[in-house]
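Novice: Below is the file entry_31.cif, which contains mmCIF, C-alpha atoms, pLDDT in the B column; chains and numbers go by the auth columns.
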data_work
#
loop_
_atom_site.group_PDB
_atom_site.id
_atom_site.type_symbol
_atom_site.label_atom_id
_atom_site.label_comp_id
_atom_site.label_asym_id
_atom_site.label_seq_id
_atom_site.Cartn_x
_atom_site.Cartn_y
_atom_site.Cartn_z
_atom_site.B_iso_or_equiv
_atom_site.auth_seq_id
_atom_site.auth_asym_id
ATOM 1 C CA MET A 1 33.458 -34.662 99.817 49.00 1 A
ATOM 2 C CA PHE A 2 35.538 -31.695 98.655 58.00 2 A
ATOM 3 C CA GLY A 3 37.647 -34.039 96.575 55.00 3 A
ATOM 4 C CA ILE A 4 39.790 -34.968 99.574 61.00 4 A
ATOM 5 C CA PHE A 5 39.574 -38.676 98.879 64.00 5 A
ATOM 6 C CA LYS A 6 39.375 -38.429 95.105 60.00 6 A
ATOM 7 C CA LYS A 7 42.132 -40.452 93.493 59.00 7 A
ATOM 8 C CA THR A 8 44.234 -38.766 90.839 57.00 8 A
ATOM 9 C CA PRO A 9 44.566 -40.914 87.711 61.00 9 A
ATOM 10 C CA GLN A 10 48.060 -42.365 87.391 84.00 10 A
ATOM 11 C CA GLY A 11 49.537 -42.298 83.921 93.00 11 A
ATOM 12 C CA THR A 12 51.034 -40.060 81.274 96.00 12 A
ATOM 13 C CA THR A 13 49.159 -36.937 80.211 96.00 13 A
ATOM 14 C CA VAL A 14 48.946 -35.631 76.662 97.00 14 A
ATOM 15 C CA VAL A 15 47.073 -32.543 75.441 98.00 15 A
ATOM 16 C CA PHE A 16 45.814 -31.925 71.910 98.00 16 A
ATOM 17 C CA LYS A 17 44.528 -28.722 70.318 98.00 17 A
ATOM 18 C CA ILE A 18 41.363 -29.682 68.439 97.00 18 A
ATOM 19 C CA ASP A 19 40.074 -27.864 65.366 96.00 19 A
ATOM 20 C CA GLY A 20 36.710 -28.520 63.765 95.00 20 A
ATOM 21 C CA MET A 21 34.416 -28.773 66.774 96.00 21 A
ATOM 22 C CA HIS A 22 31.104 -26.993 66.240 94.00 22 A
ATOM 23 C CA CYS A 23 29.361 -27.539 69.581 94.00 23 A
ATOM 24 C CA ALA A 24 29.572 -29.158 73.010 93.00 24 A
ATOM 25 C CA SER A 25 28.281 -32.432 71.537 95.00 25 A
ATOM 26 C CA CYS A 26 31.437 -32.613 69.432 96.00 26 A
ATOM 27 C CA SER A 27 33.558 -32.541 72.581 96.00 27 A
ATOM 28 C CA MET A 28 31.408 -35.223 74.196 96.00 28 A
ATOM 29 C CA ASN A 29 31.791 -37.458 71.126 97.00 29 A
ATOM 30 C CA ILE A 30 35.582 -37.076 71.160 97.00 30 A
ATOM 31 C CA THR A 31 35.788 -37.866 74.873 97.00 31 A
ATOM 32 C CA ALA A 32 33.540 -40.927 74.495 97.00 32 A
ATOM 33 C CA GLU A 33 35.622 -42.343 71.632 97.00 33 A
ATOM 34 C CA LEU A 34 38.909 -41.736 73.446 98.00 34 A
ATOM 35 C CA GLU A 35 37.672 -43.485 76.571 97.00 35 A
ATOM 36 C CA GLU A 36 37.106 -46.623 74.456 96.00 36 A
ATOM 37 C CA ILE A 37 40.824 -46.906 73.610 97.00 37 A
ATOM 38 C CA PRO A 38 42.499 -49.659 75.663 97.00 38 A
ATOM 39 C CA GLY A 39 44.984 -47.960 77.990 96.00 39 A
ATOM 40 C CA VAL A 40 43.188 -44.612 78.207 97.00 40 A
ATOM 41 C CA ILE A 41 42.594 -43.879 81.884 96.00 41 A
ATOM 42 C CA SER A 42 40.667 -40.644 81.403 96.00 42 A
ATOM 43 C CA ALA A 43 39.809 -38.171 78.675 97.00 43 A
ATOM 44 C CA ASP A 44 38.401 -34.661 78.923 97.00 44 A
ATOM 45 C CA THR A 45 37.566 -32.510 75.912 97.00 45 A
ATOM 46 C CA SER A 46 36.699 -28.838 76.270 97.00 46 A
ATOM 47 C CA TYR A 47 34.740 -27.237 73.450 96.00 47 A
ATOM 48 C CA ALA A 48 35.353 -23.748 74.878 96.00 48 A
ATOM 49 C CA LYS A 49 39.135 -24.250 75.064 96.00 49 A
ATOM 50 C CA ALA A 50 39.351 -26.488 71.972 97.00 50 A
ATOM 51 C CA LEU A 51 41.561 -28.886 73.937 97.00 51 A
ATOM 52 C CA THR A 52 41.538 -32.570 74.767 97.00 52 A
ATOM 53 C CA THR A 53 43.473 -33.839 77.784 97.00 53 A
ATOM 54 C CA VAL A 54 44.103 -37.573 77.967 97.00 54 A
ATOM 55 C CA VAL A 55 45.713 -39.606 80.739 97.00 55 A
ATOM 56 C CA TYR A 56 46.928 -42.950 79.422 97.00 56 A
ATOM 57 C CA ASP A 57 49.076 -45.990 80.147 96.00 57 A
ATOM 58 C CA GLU A 58 52.197 -45.820 77.948 95.00 58 A
ATOM 59 C CA GLU A 59 52.374 -49.613 77.836 95.00 59 A
ATOM 60 C CA LYS A 60 48.941 -49.903 76.215 96.00 60 A
ATOM 61 C CA THR A 61 48.556 -46.892 73.903 97.00 61 A
ATOM 62 C CA SER A 62 50.365 -43.835 72.563 97.00 62 A
ATOM 63 C CA PRO A 63 49.748 -40.226 71.518 97.00 63 A
ATOM 64 C CA LYS A 64 49.859 -41.416 67.894 97.00 64 A
ATOM 65 C CA THR A 65 46.929 -43.783 68.488 97.00 65 A
ATOM 66 C CA ILE A 66 44.998 -41.130 70.408 98.00 66 A
ATOM 67 C CA ARG A 67 45.541 -38.618 67.621 98.00 67 A
ATOM 68 C CA SER A 68 44.444 -41.099 64.963 97.00 68 A
ATOM 69 C CA VAL A 69 41.155 -41.711 66.797 97.00 69 A
ATOM 70 C CA ILE A 70 40.479 -37.955 66.966 97.00 70 A
ATOM 71 C CA GLU A 71 41.291 -37.578 63.291 97.00 71 A
ATOM 72 C CA SER A 72 39.066 -40.543 62.395 97.00 72 A
ATOM 73 C CA LEU A 73 36.198 -38.429 63.754 96.00 73 A
ATOM 74 C CA GLU A 74 37.179 -35.771 61.188 96.00 74 A
ATOM 75 C CA TYR A 75 38.748 -33.254 63.584 97.00 75 A
ATOM 76 C CA SER A 76 42.322 -32.055 63.382 97.00 76 A
ATOM 77 C CA ALA A 77 44.511 -32.679 66.416 97.00 77 A
ATOM 78 C CA ILE A 78 47.856 -31.071 67.207 97.00 78 A
ATOM 79 C CA GLN A 79 49.780 -32.195 70.267 97.00 79 A
ATOM 80 C CA VAL A 80 50.679 -29.254 72.533 95.00 80 A
#
The structure given in the file should be rewritten as structure tokens.
Specialist:
Amino acid sequence: MFGIFKKTPQGTTVVFKIDGMHCASCSMNITAELEEIPGVISADTSYAKALTTVVYDEEKTSPKTIRSVIESLEYSAIQV
């Protein structure tokens, strides 16, 4: 209720500017693929902002891996 007891994900946060999204489904596809990466705690992609925010465990994955997954979906990703 009101987010009082909501736990904040613990990990490192990285943000990417995404180019090539055409609709909200594109952002949902990116988020779904990123959440499959071992070590990704959470992913949120905004079509309106053209940004992806990922919280991850540095011991299990890296920004390079995250970026390569985004690019494998044929979007460009620039870390901001």
Novice: Given the file above and the PyMOL selection byres ((chain A and resi 22) around 12), which residues are selected, and can you give them as a PyMOL selection string?
Specialist: chain A and resi 18-21+23-29+46-48+50+74-75
Novice: Counting all atoms listed in the file, find the residues whose atoms lie at most 10 Å from (42.6, -40.5, 84.6) (file coordinates) and write them out as a PyMOL selection string.
Specialist: chain A and resi 7-13+35+40-44+53-57
Novice: Translate the PyMOL selection byres ((chain A and resi 68) around 12), as applied to the file shown, into an explicit residue set as a compact mmCIF listing (two decimals) with C-alpha atoms, in the coordinates of the input.
Specialist:
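Once written, out_37.txt looks like this:
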# COMPACT_ATOMS: atom_id res chain seq x y z
CA PHE A 16 45.81 -31.92 71.91
CA ILE A 30 35.58 -37.08 71.16
CA GLU A 33 35.62 -42.34 71.63
CA LEU A 34 38.91 -41.74 73.45
CA ILE A 37 40.82 -46.91 73.61
CA THR A 61 48.56 -46.89 73.90
CA SER A 62 50.36 -43.84 72.56
CA PRO A 63 49.75 -40.23 71.52
CA LYS A 64 49.86 -41.42 67.89
CA THR A 65 46.93 -43.78 68.49
CA ILE A 66 45.00 -41.13 70.41
CA ARG A 67 45.54 -38.62 67.62
CA VAL A 69 41.16 -41.71 66.80
CA ILE A 70 40.48 -37.96 66.97
CA GLU A 71 41.29 -37.58 63.29
CA SER A 72 39.07 -40.54 62.40
CA LEU A 73 36.20 -38.43 63.75
CA GLU A 74 37.18 -35.77 61.19
CA TYR A 75 38.75 -33.25 63.58
CA SER A 76 42.32 -32.06 63.38
CA ALA A 77 44.51 -32.68 66.42
CA ILE A 78 47.86 -31.07 67.21
CA GLN A 79 49.78 -32.20 70.27
Novice: Would you place a box with edges along x, y and z of the file around all atoms of stretch 29-48 of chain A listed there, add 5 Å to each of its six sides, and report the centre and edge lengths in Å to one decimal, as JSON?
Specialist:
{"center_x": 38.4, "center_y": -36.7, "center_z": 76.5, "size_x": 23.2, "size_y": 35.9, "size_z": 20.8}
